[in-house]
Each structure stands twice: as C-alpha cells, then as structure tokens.
Amino acid sequence: MSKELILAASQVRLKAYVPYSNFAVGAALRSISGAIYVGCNVENVAYPEGTCAEAGAIAAMCAAGEYEISEVAVIAGGDRPVPPCGGCRQKLAEFAKGPVTVTLLATSGAQERTMVADLLPGAFDQDHLTSGAEDPKA
C-alpha cells in the first residue's frame, strides 16, 4: 500500500459532510492507469440519501473515464479499521478485476489488509446475469 494512497484517503476524510453521525470516512483508490481518485461520505438528513466515501471515489474514477481499480484505502475514526458497507463491497467488486488489495485504516493508526474478493465472497456479477437471463413470459 502506498503512503500516497493512505495520505489521499486521510486528507479527503477531513472534507466529509457528517453533521448527523460525526463519523467521517475517506476513501482513495488507484486505477490501473495509476491515477488516484478520492471520495468522502456525505450525509443527508434523510439518512438513506447520503453517499459513502467508496462510492464517491468510484464515481470520480468513472467520471474521469476509468473503470478498473488496482488498489483501495479506506480510513475512518476510532481505534479499529472499519470495513466498507455491503453496498460498497458490491460496488468495489464491480470495478476490481482480479486480486485487489484493500487497506482499512483507523485514525488511531490501526491497519488491516484484505482483498476485495474476501470482503464479498460469492459476489453477484455479470456471469449471473447472463446465465440466468430468460424470457419470463416463455
């Protein structure tokens, strides 16, 4: 894990909009081109309408015309690293081709490393769509 990716996640975490939970999260990902994209969580008073840091970083990558992740870092406050939510695990799996390292960090300095595939074993993917596609009226 590059210090550059960890620094990017740490810096963007400070920009999170979290007036309700005070739980700021920053995410940084490196695309296969080597570019770094960042995202922070953005809350909304209508809780389900907020956005996660990982989703923001993925959206920034896609907006730049890139669609494949090579490495991820996620940082949150507290004493222990916080894993991505279920929805973000699926989002990461969509753009992680092959073995992609995810470094989970806490502001205390605690760190864990895992792989996207380990965060979401048995991920739903394109193969499920094509193998299960059929005309429901047939």
# chains A, B, ... in the order shown; residues from 1 in each chain; ligands from 1
>>> select_by_dssp(residues="chain A", states="helix (DSSP H, G or I)", output="NGL selection string")
:A and (3-13 or 47-49 or 53-63 or 86-95 or 116-119 or 126-132)
>>> residues_around(residues="A:Thr103", least_positions_apart="3", cutoff="6 Å", atoms="only C-alpha atoms", output="list in words")
Ala73, Glu112 and Arg113 of chain A
>>> residues_around(residues="stretch 14-28 of chain A", least_positions_apart="3", cutoff="7 Å", atoms="only C-alpha atoms", output="list of chain:residue names")
A:Leu5, A:Ala8, A:Ala9, A:Ser10, A:Gln11, A:Ile36, A:Tyr37, A:Val38, A:Gly39, A:Cys40, A:Asn41, A:Val42, A:Glu43, A:Ala53, A:Glu54, A:Ala57, A:Val72, A:Ala73, A:Val74, A:Ile75, A:Ala76, A:Gly77
>>> closest_residue(among="A:Lys3, A:Arg89, A:Arg13, A:Arg80", to="A:Gly109", atoms="only C-alpha atoms")
A:Arg80
>>> atom_distance(atom1="atom CA of A:Pro48", atom2="atom CA of A:Glu68")
26.7 Å
